[in-house]
>>> print(open('my_file.txt').read())   # compact mmCIF, C-alpha atoms
# COMPACT_ATOMS: atom_id res chain seq x y z
CA MET A 1 -26.48 -11.31 -26.11
CA GLN A 2 -25.12 -8.62 -23.77
CA ALA A 3 -26.80 -10.09 -20.69
CA ALA A 4 -25.52 -13.61 -21.48
CA VAL A 5 -21.98 -12.37 -22.08
CA TYR A 6 -21.96 -10.21 -18.92
CA ALA A 7 -23.20 -13.19 -16.90
CA ALA A 8 -20.55 -15.43 -18.44
CA VAL A 9 -17.79 -12.95 -17.58
CA GLY A 10 -19.13 -12.66 -14.04
CA GLU A 11 -19.19 -16.46 -13.62
CA LEU A 12 -15.72 -17.02 -15.04
CA VAL A 13 -14.19 -14.21 -13.00
CA SER A 14 -15.86 -15.36 -9.79
CA GLU A 15 -14.68 -18.94 -10.44
CA GLY A 16 -11.11 -17.70 -10.26
CA HIS A 17 -10.38 -17.40 -13.98
CA ARG A 18 -9.84 -13.66 -13.69
CA ASP A 19 -6.21 -13.90 -14.76
CA SER A 20 -6.79 -16.06 -17.80
CA VAL A 21 -10.30 -15.44 -19.11
CA THR A 22 -10.46 -15.39 -22.93
CA VAL A 23 -13.04 -14.42 -25.51
CA PRO A 24 -13.58 -18.05 -26.67
CA GLN A 25 -14.19 -19.11 -23.03
CA VAL A 26 -16.70 -16.33 -22.50
CA ALA A 27 -18.44 -17.14 -25.80
CA GLU A 28 -18.70 -20.84 -24.96
CA ARG A 29 -20.10 -20.13 -21.49
CA ALA A 30 -22.56 -17.58 -22.88
CA GLY A 31 -23.62 -19.91 -25.70
CA VAL A 32 -22.77 -17.39 -28.40
CA ASN A 33 -20.37 -17.31 -31.33
CA PRO A 34 -16.85 -16.02 -30.47
CA THR A 35 -16.92 -13.98 -33.69
CA SER A 36 -19.94 -12.09 -32.38
CA VAL A 37 -18.08 -11.26 -29.16
CA TYR A 38 -14.99 -10.06 -31.06
CA ARG A 39 -17.17 -7.99 -33.41
CA ARG A 40 -19.00 -6.27 -30.58
CA TRP A 41 -16.22 -5.82 -28.01
CA GLY A 42 -13.01 -6.18 -30.01
CA SER A 43 -10.94 -7.75 -27.24
CA ILE A 44 -11.15 -9.40 -23.84
CA ASP A 45 -9.67 -6.19 -22.37
CA ALA A 46 -12.51 -4.06 -23.72
CA LEU A 47 -15.11 -6.60 -22.61
CA LEU A 48 -13.71 -6.89 -19.07
CA SER A 49 -13.59 -3.10 -18.81
CA GLU A 50 -17.19 -2.74 -19.91
CA VAL A 51 -18.42 -5.38 -17.49
CA ALA A 52 -16.40 -3.77 -14.70
CA VAL A 53 -17.86 -0.35 -15.42
CA ALA A 54 -21.37 -1.78 -15.52
CA ALA A 55 -20.73 -3.59 -12.25
CA LEU A 56 -19.01 -0.66 -10.61
CA THR A 57 -21.00 2.37 -11.58
CA GLY A 58 -24.40 0.88 -12.23
CA ASP A 59 -27.13 2.45 -10.22
CA GLU A 60 -25.59 4.66 -7.56
CA PRO A 61 -27.71 7.77 -6.97
CA LEU A 62 -25.59 10.93 -7.08
CA PRO A 63 -25.76 12.68 -3.67
CA ASP A 64 -27.45 16.07 -3.43
CA THR A 65 -27.14 17.11 0.21
CA GLY A 66 -26.96 20.88 -0.30
CA THR A 67 -23.23 21.28 0.51
CA ILE A 68 -20.11 20.18 -1.31
CA VAL A 69 -18.67 18.56 1.82
CA GLY A 70 -21.89 16.57 2.27
CA ASP A 71 -22.07 15.55 -1.38
CA LEU A 72 -18.41 14.51 -1.62
CA ARG A 73 -18.45 12.60 1.67
CA GLU A 74 -21.59 10.68 0.72
CA TRP A 75 -20.28 10.04 -2.80
CA ALA A 76 -16.92 8.79 -1.48
CA SER A 77 -18.71 6.52 1.02
CA ILE A 78 -20.95 5.05 -1.68
CA ILE A 79 -17.95 4.35 -3.90
CA ALA A 80 -15.90 2.93 -1.02
CA THR A 81 -18.71 0.57 -0.04
CA ASP A 82 -19.29 -0.46 -3.62
CA ILE A 83 -15.72 -1.16 -4.71
CA THR A 84 -14.79 -3.04 -1.53
CA ARG A 85 -17.38 -5.79 -2.10
CA PRO A 86 -15.42 -8.98 -2.79
CA GLN A 87 -16.96 -9.39 -6.24
CA ARG A 88 -16.12 -5.81 -7.17
CA ILE A 89 -12.53 -6.17 -6.03
CA VAL A 90 -12.14 -9.21 -8.27
CA TYR A 91 -13.55 -7.29 -11.24
CA LEU A 92 -11.30 -4.30 -10.67
CA ARG A 93 -8.15 -6.39 -10.38
CA ALA A 94 -9.16 -8.36 -13.48
CA MET A 95 -9.54 -5.06 -15.29
CA VAL A 96 -6.08 -3.93 -14.23
CA GLY A 97 -4.57 -7.32 -15.07
CA ALA A 98 -6.09 -7.19 -18.56
CA ARG A 99 -4.82 -3.71 -19.39
CA VAL A 100 -1.99 -3.38 -21.90
CA GLY A 101 0.04 -0.26 -22.58
CA THR A 102 -1.17 3.20 -21.60
CA PRO A 103 -4.46 3.85 -23.36
CA GLY A 104 -4.62 7.25 -21.62
CA ALA A 105 -8.24 6.80 -20.64
CA CYS A 106 -10.18 4.48 -18.36
CA PRO A 107 -13.94 4.02 -18.55
CA CYS A 108 -14.49 4.06 -14.75
CA TRP A 109 -12.53 7.29 -14.54
CA ASP A 110 -14.73 8.95 -17.17
CA VAL A 111 -17.88 8.11 -15.23
CA ARG A 112 -16.41 9.54 -12.01
CA GLU A 113 -15.33 12.69 -13.86
CA GLN A 114 -18.88 13.35 -15.04
CA GLN A 115 -20.24 12.80 -11.52
CA ALA A 116 -17.66 15.13 -9.95
CA GLU A 117 -18.33 17.82 -12.55
CA LEU A 118 -22.03 17.80 -11.75
CA MET A 119 -21.58 18.07 -7.96
CA LEU A 120 -18.89 20.76 -8.23
CA ALA A 121 -20.94 22.81 -10.72
CA ARG A 122 -23.96 22.71 -8.39
CA ALA A 123 -21.78 23.80 -5.45
CA ALA A 124 -20.20 26.63 -7.44
CA ASP A 125 -23.71 27.79 -8.41
CA ARG A 126 -24.55 27.92 -4.70
CA GLY A 127 -21.50 30.15 -4.18
CA GLU A 128 -19.37 27.53 -2.43
CA THR A 129 -15.59 27.50 -2.85
CA VAL A 130 -14.73 24.23 -4.53
CA PRO A 131 -11.66 22.28 -5.60
CA SER A 132 -11.22 21.51 -9.29
CA VAL A 133 -12.66 18.40 -10.94
CA ARG A 134 -9.07 17.27 -11.49
CA GLN A 135 -8.30 17.60 -7.79
CA VAL A 136 -11.36 15.57 -6.78
CA LEU A 137 -10.47 12.81 -9.21
CA GLU A 138 -6.77 12.71 -8.24
CA HIS A 139 -7.23 13.00 -4.49
CA VAL A 140 -10.48 11.16 -3.77
CA ILE A 141 -11.12 8.69 -6.60
CA ALA A 142 -7.54 7.65 -7.42
CA PRO A 143 -6.60 6.80 -3.79
CA LEU A 144 -9.86 4.83 -3.27
CA TYR A 145 -9.26 2.67 -6.34
CA HIS A 146 -5.53 2.44 -5.58
CA HIS A 147 -6.23 1.05 -2.13
CA VAL A 148 -8.75 -1.49 -3.39
CA VAL A 149 -6.59 -2.91 -6.17
CA PHE A 150 -3.41 -3.04 -4.05
CA GLY A 151 -5.25 -4.59 -1.10
CA LEU A 152 -4.96 -1.71 1.37
CA ASP A 153 -7.80 -0.93 3.78
CA VAL A 154 -10.71 1.25 2.68
CA ASP A 155 -13.59 2.32 4.92
CA ASP A 156 -15.86 5.32 5.49
CA GLU A 157 -13.35 7.07 7.71
CA TYR A 158 -10.67 6.73 5.05
CA ALA A 159 -13.03 8.04 2.34
CA HIS A 160 -13.98 11.04 4.47
CA HIS A 161 -10.33 11.85 5.20
CA LEU A 162 -9.69 12.06 1.47
CA VAL A 163 -12.63 14.44 1.02
CA ASP A 164 -11.48 16.65 3.89
CA ASP A 165 -7.98 16.77 2.37
CA VAL A 166 -9.20 17.83 -1.06
CA LEU A 167 -11.47 20.49 0.44
CA ALA A 168 -8.47 21.83 2.40
CA MET A 169 -6.79 22.53 -0.96
CA SER A 170 -9.57 24.92 -1.97
CA THR A 171 -10.25 26.70 1.35
CA ARG A 172 -7.22 28.91 0.75
CA VAL A 173 -9.00 30.64 -2.13
CA PRO A 174 -11.56 32.76 -0.26
CA ALA A 175 -8.93 33.96 2.25
CA GLY A 176 -6.86 35.24 -0.65
CA ARG A 177 -9.71 37.01 -2.44
CA MET B 178 18.60 -19.13 -6.07
CA GLN B 179 17.09 -15.67 -5.63
CA ALA B 180 18.75 -14.24 -8.73
CA ALA B 181 17.65 -17.19 -10.89
CA VAL B 182 14.07 -16.99 -9.62
CA TYR B 183 13.90 -13.19 -10.08
CA ALA B 184 15.23 -13.57 -13.63
CA ALA B 185 12.71 -16.33 -14.36
CA VAL B 186 9.84 -14.18 -13.10
CA GLY B 187 11.07 -11.27 -15.20
CA GLU B 188 11.29 -13.44 -18.32
CA LEU B 189 7.87 -15.02 -17.87
CA VAL B 190 6.18 -11.71 -17.15
CA SER B 191 7.83 -9.98 -20.09
CA GLU B 192 6.81 -12.88 -22.38
CA GLY B 193 3.19 -12.09 -21.67
CA HIS B 194 2.52 -14.73 -18.99
CA ARG B 195 1.84 -12.08 -16.36
CA ASP B 196 -1.77 -13.19 -15.91
CA SER B 197 -1.03 -16.87 -15.51
CA VAL B 198 2.48 -17.29 -14.10
CA THR B 199 2.71 -20.12 -11.55
CA VAL B 200 5.32 -21.33 -9.06
CA PRO B 201 6.02 -24.55 -11.04
CA GLN B 202 6.62 -22.49 -14.21
CA VAL B 203 8.99 -20.16 -12.41
CA ALA B 204 10.82 -23.09 -10.83
CA GLU B 205 11.21 -24.87 -14.17
CA ARG B 206 12.52 -21.75 -15.87
CA ALA B 207 14.90 -21.01 -13.01
CA GLY B 208 16.11 -24.60 -12.87
CA VAL B 209 15.22 -25.01 -9.21
CA ASN B 210 12.86 -27.27 -7.27
CA PRO B 211 9.27 -25.93 -6.94
CA THR B 212 9.32 -27.00 -3.30
CA SER B 213 12.22 -24.66 -2.65
CA VAL B 214 10.28 -21.77 -4.18
CA TYR B 215 7.19 -22.55 -2.11
CA ARG B 216 9.30 -22.87 1.05
CA ARG B 217 11.03 -19.55 0.52
CA TRP B 218 8.17 -17.41 -0.87
CA GLY B 219 5.01 -19.29 0.10
CA SER B 220 2.96 -18.33 -2.96
CA ILE B 221 3.19 -16.86 -6.42
CA ASP B 222 1.55 -13.70 -5.02
CA ALA B 223 4.32 -13.19 -2.47
CA LEU B 224 7.00 -13.92 -5.06
CA LEU B 225 5.54 -11.50 -7.63
CA SER B 226 5.24 -8.82 -4.94
CA GLU B 227 8.84 -9.25 -3.88
CA VAL B 228 10.13 -9.10 -7.44
CA ALA B 229 7.98 -6.05 -8.11
CA VAL B 230 9.31 -4.26 -5.03
CA ALA B 231 12.87 -5.12 -5.98
CA ALA B 232 12.23 -3.87 -9.51
CA LEU B 233 10.33 -0.80 -8.41
CA THR B 234 12.20 0.59 -5.49
CA GLY B 235 15.70 -0.69 -6.07
CA ASP B 236 18.31 2.00 -6.15
CA GLU B 237 16.61 5.37 -6.26
CA PRO B 238 18.55 7.99 -4.31
CA LEU B 239 16.29 9.89 -1.90
CA PRO B 240 16.29 13.60 -2.86
CA ASP B 241 17.79 16.12 -0.44
CA THR B 242 17.34 19.52 -2.09
CA GLY B 243 16.97 21.62 1.07
CA THR B 244 13.22 22.30 0.73
CA ILE B 245 10.21 20.04 1.05
CA VAL B 246 8.78 21.23 -2.27
CA GLY B 247 12.08 20.43 -3.98
CA ASP B 248 12.39 17.03 -2.33
CA LEU B 249 8.81 15.96 -3.02
CA ARG B 250 8.87 17.17 -6.63
CA GLU B 251 12.11 15.35 -7.37
CA TRP B 252 10.92 12.22 -5.53
CA ALA B 253 7.60 12.21 -7.44
CA SER B 254 9.45 12.67 -10.74
CA ILE B 255 11.82 9.78 -10.01
CA ILE B 256 8.91 7.51 -9.13
CA ALA B 257 6.86 8.63 -12.16
CA THR B 258 9.78 7.95 -14.51
CA ASP B 259 10.48 4.62 -12.90
CA ILE B 260 6.99 3.15 -12.77
CA THR B 261 6.06 4.24 -16.31
CA ARG B 262 8.79 2.13 -17.93
CA PRO B 263 7.00 -0.59 -19.93
CA GLN B 264 8.66 -3.37 -17.93
CA ARG B 265 7.65 -1.75 -14.64
CA ILE B 266 4.05 -1.31 -15.76
CA VAL B 267 3.87 -5.01 -16.55
CA TYR B 268 5.25 -5.89 -13.11
CA LEU B 269 2.85 -3.59 -11.29
CA ARG B 270 -0.20 -4.92 -13.12
CA ALA B 271 0.95 -8.48 -12.53
CA MET B 272 1.23 -7.65 -8.84
CA VAL B 273 -2.31 -6.27 -8.78
CA GLY B 274 -3.64 -9.22 -10.79
CA ALA B 275 -2.05 -11.66 -8.36
CA ARG B 276 -3.47 -10.04 -5.22
CA VAL B 277 -6.25 -11.86 -3.39
CA GLY B 278 -8.42 -10.41 -0.64
CA THR B 279 -7.42 -7.35 1.35
CA PRO B 280 -4.12 -8.05 3.09
CA GLY B 281 -4.15 -4.48 4.49
CA ALA B 282 -0.55 -3.87 3.57
CA CYS B 283 1.46 -3.63 0.37
CA PRO B 284 5.26 -3.86 0.22
CA CYS B 285 5.69 -0.96 -2.25
CA TRP B 286 3.58 1.23 -0.01
CA ASP B 287 5.75 0.47 3.02
CA VAL B 288 8.91 1.53 1.18
CA ARG B 289 7.29 4.80 0.08
CA GLU B 290 6.10 5.45 3.64
CA GLN B 291 9.64 5.18 5.00
CA GLN B 292 10.96 7.53 2.31
CA ALA B 293 8.22 10.12 2.93
CA GLU B 294 8.79 9.97 6.69
CA LEU B 295 12.48 10.75 6.24
CA MET B 296 11.93 13.73 3.92
CA LEU B 297 9.12 15.18 6.05
CA ALA B 298 11.12 14.78 9.26
CA ARG B 299 14.08 16.62 7.73
CA ALA B 300 11.78 19.44 6.54
CA ALA B 301 10.10 19.73 9.94
CA ASP B 302 13.56 19.95 11.52
CA ARG B 303 14.31 22.87 9.17
CA GLY B 304 11.13 24.57 10.44
CA GLU B 305 9.10 24.05 7.27
CA THR B 306 5.34 23.51 7.44
CA VAL B 307 4.70 20.04 6.09
CA PRO B 308 1.76 17.79 5.27
CA SER B 309 1.44 14.50 7.13
CA VAL B 310 3.06 11.29 5.94
CA ARG B 311 -0.45 9.94 5.37
CA GLN B 312 -1.33 12.89 3.13
CA VAL B 313 1.82 12.47 1.03
CA LEU B 314 1.12 8.77 0.54
CA GLU B 315 -2.58 9.23 -0.26
CA HIS B 316 -2.22 12.26 -2.51
CA VAL B 317 1.10 11.74 -4.30
CA ILE B 318 1.92 8.04 -4.25
CA ALA B 319 -1.58 6.55 -4.57
CA PRO B 320 -2.54 8.66 -7.63
CA LEU B 321 0.79 7.92 -9.37
CA TYR B 322 0.38 4.15 -8.97
CA HIS B 323 -3.36 4.37 -9.73
CA HIS B 324 -2.67 6.08 -13.05
CA VAL B 325 -0.01 3.59 -14.06
CA VAL B 326 -2.02 0.45 -13.33
CA PHE B 327 -5.24 1.78 -14.89
CA GLY B 328 -3.40 3.06 -17.98
CA LEU B 329 -3.88 6.80 -17.46
CA ASP B 330 -1.14 9.26 -18.41
CA VAL B 331 1.68 10.03 -15.97
CA ASP B 332 4.45 12.55 -16.60
CA ASP B 333 6.57 15.08 -14.67
CA GLU B 334 3.92 17.77 -14.90
CA TYR B 335 1.33 15.41 -13.45
CA ALA B 336 3.66 14.38 -10.63
CA HIS B 337 4.43 18.01 -9.75
CA HIS B 338 0.71 18.90 -9.73
CA LEU B 339 0.17 16.22 -7.10
CA VAL B 340 2.98 17.60 -4.95
CA ASP B 341 1.65 21.16 -5.23
CA ASP B 342 -1.81 19.92 -4.23
CA VAL B 343 -0.57 18.12 -1.13
CA LEU B 344 1.52 21.12 -0.08
CA ALA B 345 -1.59 23.33 -0.46
CA MET B 346 -3.21 21.20 2.25
CA SER B 347 -0.57 22.17 4.78
CA THR B 348 -0.08 25.85 3.94
CA ARG B 349 -3.22 26.71 5.86
CA VAL B 350 -1.55 25.80 9.11
CA PRO B 351 0.84 28.73 9.59
CA ALA B 352 -1.91 31.26 8.74
CA GLY B 353 -4.02 29.82 11.55
CA ARG B 354 -1.27 29.78 14.13
>>> encode(input="my_file.txt", output="structure tokens")
Amino acid sequence: MQAAVYAAVGELVSEGHRDSVTVPQVAERAGVNPTSVYRRWGSIDALLSEVAVAALTGDEPLPDTGTIVGDLREWASIIATDITRPQRIVYLRAMVGARVGTPGACPCWDVREQQAELMLARAADRGETVPSVRQVLEHVIAPLYHHVVFGLDVDDEYAHHLVDDVLAMSTRVPAGR
Amino acid sequence: MQAAVYAAVGELVSEGHRDSVTVPQVAERAGVNPTSVYRRWGSIDALLSEVAVAALTGDEPLPDTGTIVGDLREWASIIATDITRPQRIVYLRAMVGARVGTPGACPCWDVREQQAELMLARAADRGETVPSVRQVLEHVIAPLYHHVVFGLDVDDEYAHHLVDDVLAMSTRVPAGR
């Protein structure tokens, strides 16, 4: 059922129904019972989020270049390339449009947090001075997604600027030690 | 006509039609001719953006505390308070949901850029070391808006963290001089 429902969401969103897609529509397109969709996903918001996460964070290999600057630059480039594909932009905006209230968590964000933690922990083990996970999320990930959903330009150069900025926050530490 | 159309957009969005509001709906609610709305605003996207900007950046006084850290902290707090009001969140998400393609510019962003330029220019005139306008936009404004539209938490403490981070980027400069 998951594959059929994911495909149905993808079709409906890409046909321009991103602002108005409903569970009954998805169920009809997928050829499944709406009750089954509600039981498994709870709401159209949860379903759109899950499809977006699957589409957005699917099979990117996590960089392992040997330096934190190399890892973060490659990671930021991969994400920038991925989330600026037209289909991805549509998904992301649909996800934002479907959000209600302030749930305090976002599935894409959680995936990025785990990835950042892993790269920063490896760099710290190598003895590199690193920014915090929070700083990487706030100053690399948040601006990338912000730019995509608000329609501002995102490219490799932009992604690398963000990485250089966040690394500049942490380079003060060794000087002070 | 502008006041009636703004009010109609506000009503429709707050009634939960944010994902599906159309020019004919707005025109009917405002009691004006749809053709007039199309002629003045061009599209529902442009109209939603304009209303959002008016709602989001209306009458905030620009801080002038005498230091860049004071100005940026107060500015970030004002913005955080403003864009986390339930009505503002709805507007912002509607704006994102209505965006198509990558226009490369965003009206809210332009307003924030002008404000940052003014505060940074004043600080530079006082002889303070300051980050660039680009850095303030990417590392204070983008994360604030990102968090609001994706439903992550935003408060004063969060806003001040962002300001401290961006100022840490520029404090390296005097040491190197």
>>> closest_atom_pairs(input="my_file.txt", of="region 295-354 of chain B", to="region 269-284 of chain B", cutoff="10 Å", atoms="only C-alpha atoms", output="Markdown table")
| residue | atom | partner | partner_atom | distance |
| --- | --- | --- | --- | --- |
| B:Tyr322 | CA | B:Leu269 | CA | 8.4 |
| B:Val325 | CA | B:Leu269 | CA | 8.2 |
| B:Val326 | CA | B:Arg270 | CA | 5.7 |
| B:Phe327 | CA | B:Arg270 | CA | 8.6 |
| B:Gly328 | CA | B:Arg270 | CA | 9.9 |
>>> atom_distance(input="my_file.txt", atom1="CA of Asp302 (chain B)", atom2="CA of Leu339 (chain B)")
23.2 Å
>>> calpha_fit_and_write(input="my_file.txt", fixed="chain B", moving="chain A", output="compact mmCIF listing (two decimals) with C-alpha atoms, in the frame of the given file")
# COMPACT_ATOMS: atom_id res chain seq x y z
CA MET A 1 18.63 -19.06 -6.01
CA GLN A 2 17.09 -15.60 -5.57
CA ALA A 3 18.78 -14.17 -8.67
CA ALA A 4 17.69 -17.15 -10.82
CA VAL A 5 14.10 -16.95 -9.57
CA TYR A 6 13.91 -13.16 -10.05
CA ALA A 7 15.25 -13.55 -13.59
CA ALA A 8 12.75 -16.31 -14.31
CA VAL A 9 9.85 -14.16 -13.08
CA GLY A 10 11.10 -11.25 -15.17
CA GLU A 11 11.34 -13.44 -18.30
CA LEU A 12 7.93 -15.05 -17.86
CA VAL A 13 6.22 -11.74 -17.14
CA SER A 14 7.88 -10.01 -20.08
CA GLU A 15 6.89 -12.91 -22.36
CA GLY A 16 3.26 -12.13 -21.64
CA HIS A 17 2.60 -14.76 -18.97
CA ARG A 18 1.87 -12.10 -16.37
CA ASP A 19 -1.72 -13.24 -15.92
CA SER A 20 -0.97 -16.91 -15.52
CA VAL A 21 2.53 -17.32 -14.11
CA THR A 22 2.77 -20.14 -11.54
CA VAL A 23 5.35 -21.31 -9.05
CA PRO A 24 6.09 -24.55 -10.99
CA GLN A 25 6.68 -22.49 -14.18
CA VAL A 26 9.03 -20.14 -12.39
CA ALA A 27 10.88 -23.06 -10.77
CA GLU A 28 11.30 -24.86 -14.10
CA ARG A 29 12.59 -21.72 -15.83
CA ALA A 30 14.96 -20.96 -12.94
CA GLY A 31 16.19 -24.56 -12.80
CA VAL A 32 15.27 -24.97 -9.14
CA ASN A 33 12.93 -27.23 -7.20
CA PRO A 34 9.34 -25.90 -6.88
CA THR A 35 9.37 -26.97 -3.22
CA SER A 36 12.27 -24.59 -2.60
CA VAL A 37 10.30 -21.72 -4.15
CA TYR A 38 7.20 -22.50 -2.06
CA ARG A 39 9.32 -22.79 1.09
CA ARG A 40 11.01 -19.45 0.55
CA TRP A 41 8.16 -17.36 -0.87
CA GLY A 42 5.01 -19.25 0.11
CA SER A 43 2.96 -18.31 -2.95
CA ILE A 44 3.18 -16.84 -6.43
CA ASP A 45 1.51 -13.69 -5.03
CA ALA A 46 4.27 -13.16 -2.48
CA LEU A 47 6.97 -13.88 -5.05
CA LEU A 48 5.51 -11.48 -7.65
CA SER A 49 5.20 -8.79 -4.98
CA GLU A 50 8.80 -9.20 -3.90
CA VAL A 51 10.11 -9.07 -7.45
CA ALA A 52 7.95 -6.01 -8.13
CA VAL A 53 9.26 -4.23 -5.06
CA ALA A 54 12.84 -5.08 -5.99
CA ALA A 55 12.22 -3.85 -9.52
CA LEU A 56 10.32 -0.77 -8.45
CA THR A 57 12.18 0.60 -5.49
CA GLY A 58 15.66 -0.71 -6.10
CA ASP A 59 18.27 1.97 -6.19
CA GLU A 60 16.57 5.35 -6.33
CA PRO A 61 18.52 7.94 -4.34
CA LEU A 62 16.25 9.84 -1.94
CA PRO A 63 16.26 13.56 -2.88
CA ASP A 64 17.78 16.06 -0.46
CA THR A 65 17.34 19.46 -2.09
CA GLY A 66 16.99 21.56 1.06
CA THR A 67 13.23 22.25 0.74
CA ILE A 68 10.20 20.01 1.05
CA VAL A 69 8.78 21.22 -2.27
CA GLY A 70 12.08 20.40 -3.98
CA ASP A 71 12.39 17.00 -2.33
CA LEU A 72 8.79 15.95 -3.03
CA ARG A 73 8.85 17.16 -6.64
CA GLU A 74 12.10 15.33 -7.38
CA TRP A 75 10.90 12.21 -5.56
CA ALA A 76 7.58 12.21 -7.45
CA SER A 77 9.42 12.67 -10.76
CA ILE A 78 11.79 9.79 -10.03
CA ILE A 79 8.88 7.52 -9.15
CA ALA A 80 6.84 8.64 -12.17
CA THR A 81 9.74 7.95 -14.52
CA ASP A 82 10.44 4.62 -12.91
CA ILE A 83 6.94 3.17 -12.80
CA THR A 84 6.03 4.26 -16.33
CA ARG A 85 8.77 2.15 -17.96
CA PRO A 86 6.98 -0.57 -19.94
CA GLN A 87 8.61 -3.35 -17.93
CA ARG A 88 7.62 -1.73 -14.65
CA ILE A 89 4.02 -1.28 -15.76
CA VAL A 90 3.83 -4.99 -16.56
CA TYR A 91 5.21 -5.88 -13.13
CA LEU A 92 2.80 -3.59 -11.31
CA ARG A 93 -0.25 -4.90 -13.14
CA ALA A 94 0.92 -8.48 -12.55
CA MET A 95 1.18 -7.64 -8.87
CA VAL A 96 -2.35 -6.27 -8.80
CA GLY A 97 -3.68 -9.21 -10.82
CA ALA A 98 -2.09 -11.66 -8.38
CA ARG A 99 -3.51 -10.05 -5.25
CA VAL A 100 -6.30 -11.85 -3.41
CA GLY A 101 -8.47 -10.40 -0.67
CA THR A 102 -7.45 -7.32 1.31
CA PRO A 103 -4.16 -8.06 3.03
CA GLY A 104 -4.20 -4.50 4.43
CA ALA A 105 -0.59 -3.89 3.53
CA CYS A 106 1.42 -3.61 0.33
CA PRO A 107 5.20 -3.88 0.20
CA CYS A 108 5.66 -0.98 -2.27
CA TRP A 109 3.54 1.22 -0.04
CA ASP A 110 5.71 0.45 3.00
CA VAL A 111 8.86 1.50 1.16
CA ARG A 112 7.25 4.79 0.07
CA GLU A 113 6.06 5.43 3.63
CA GLN A 114 9.60 5.15 4.98
CA GLN A 115 10.91 7.49 2.27
CA ALA A 116 8.19 10.08 2.92
CA GLU A 117 8.78 9.94 6.67
CA LEU A 118 12.46 10.70 6.22
CA MET A 119 11.91 13.70 3.90
CA LEU A 120 9.10 15.14 6.03
CA ALA A 121 11.10 14.73 9.27
CA ARG A 122 14.07 16.56 7.72
CA ALA A 123 11.78 19.37 6.54
CA ALA A 124 10.10 19.67 9.94
CA ASP A 125 13.57 19.88 11.53
CA ARG A 126 14.33 22.79 9.20
CA GLY A 127 11.16 24.50 10.46
CA GLU A 128 9.13 23.98 7.29
CA THR A 129 5.36 23.47 7.45
CA VAL A 130 4.70 20.01 6.09
CA PRO A 131 1.75 17.77 5.27
CA SER A 132 1.43 14.47 7.12
CA VAL A 133 3.05 11.25 5.92
CA ARG A 134 -0.46 9.92 5.35
CA GLN A 135 -1.33 12.88 3.13
CA VAL A 136 1.81 12.44 1.01
CA LEU A 137 1.10 8.76 0.53
CA GLU A 138 -2.61 9.24 -0.27
CA HIS A 139 -2.24 12.27 -2.52
CA VAL A 140 1.08 11.75 -4.30
CA ILE A 141 1.90 8.03 -4.27
CA ALA A 142 -1.61 6.55 -4.59
CA PRO A 143 -2.58 8.67 -7.65
CA LEU A 144 0.76 7.92 -9.40
CA TYR A 145 0.33 4.16 -9.00
CA HIS A 146 -3.40 4.40 -9.76
CA HIS A 147 -2.70 6.10 -13.07
CA VAL A 148 -0.04 3.60 -14.08
CA VAL A 149 -2.06 0.48 -13.36
CA PHE A 150 -5.28 1.83 -14.93
CA GLY A 151 -3.43 3.10 -18.00
CA LEU A 152 -3.91 6.84 -17.48
CA ASP A 153 -1.16 9.30 -18.42
CA VAL A 154 1.66 10.06 -15.99
CA ASP A 155 4.44 12.58 -16.61
CA ASP A 156 6.54 15.10 -14.68
CA GLU A 157 3.90 17.79 -14.90
CA TYR A 158 1.30 15.45 -13.45
CA ALA A 159 3.65 14.39 -10.63
CA HIS A 160 4.41 18.02 -9.76
CA HIS A 161 0.71 18.92 -9.72
CA LEU A 162 0.14 16.23 -7.11
CA VAL A 163 2.96 17.61 -4.96
CA ASP A 164 1.65 21.16 -5.23
CA ASP A 165 -1.82 19.93 -4.22
CA VAL A 166 -0.58 18.12 -1.13
CA LEU A 167 1.52 21.11 -0.07
CA ALA A 168 -1.58 23.32 -0.43
CA MET A 169 -3.22 21.18 2.28
CA SER A 170 -0.54 22.13 4.80
CA THR A 171 -0.02 25.83 3.96
CA ARG A 172 -3.14 26.69 5.94
CA VAL A 173 -1.39 25.76 9.18
CA PRO A 174 1.03 28.69 9.59
CA ALA A 175 -1.71 31.23 8.77
CA GLY A 176 -3.78 29.80 11.60
CA ARG A 177 -0.98 29.77 14.18
>>> closest_residue(input="my_file.txt", among="A:Ser20, A:Val111, A:Ala30, A:Arg39", to="chain B", atoms="all atoms listed in the file")
A:Ser20
>>> closest_residue(input="my_file.txt", among="B:Ala293, B:Val343, B:Leu329, B:Val198", to="His139 (chain A)", atoms="only C-alpha atoms")
B:Val343
>>> residues_around(input="my_file.txt", residues="Val133 (chain A)", least_positions_apart="4", cutoff="8 Å", atoms="all atoms listed in the file", output="VMD selection string")
chain A and resid 113 116 to 117 120 137
>>> closest_residue(input="my_file.txt", among="A:Cys108, A:Asp82, A:Glu128, A:Ala54", to="Asp156 (chain A)", atoms="all atoms listed in the file")
A:Asp82
>>> closest_residue(input="my_file.txt", among="A:Arg73, A:Arg122, A:Arg29, A:His147", to="chain B", atoms="only C-alpha atoms")
A:His147
>>> residues_around(input="my_file.txt", residues="Tyr215 (chain B)", least_positions_apart="2", cutoff="12 Å", atoms="all atoms listed in the file", output="number ranges by chain")
B: 182, 199-201, 203-204, 209-213, 217-224
>>> atom_distance(input="my_file.txt", atom1="CA of Pro240 (chain B)", atom2="CA of Ile260 (chain B)")
17.1 Å
>>> closest_residue(input="my_file.txt", among="B:Val317, B:Ala229, B:Ala301, B:Leu239", to="Arg265 (chain B)", atoms="all atoms listed in the file")
B:Ala229
>>> residues_around(input="my_file.txt", residues="Glu60 (chain A)", least_positions_apart="6", cutoff="10 Å", atoms="only C-alpha atoms", output="number ranges by chain")
A: 75, 78-79, 82
>>> closest_residue(input="my_file.txt", among="B:Thr258, B:Thr306, B:Gln202, B:Gln312", to="chain A", atoms="only C-alpha atoms")
B:Gln312
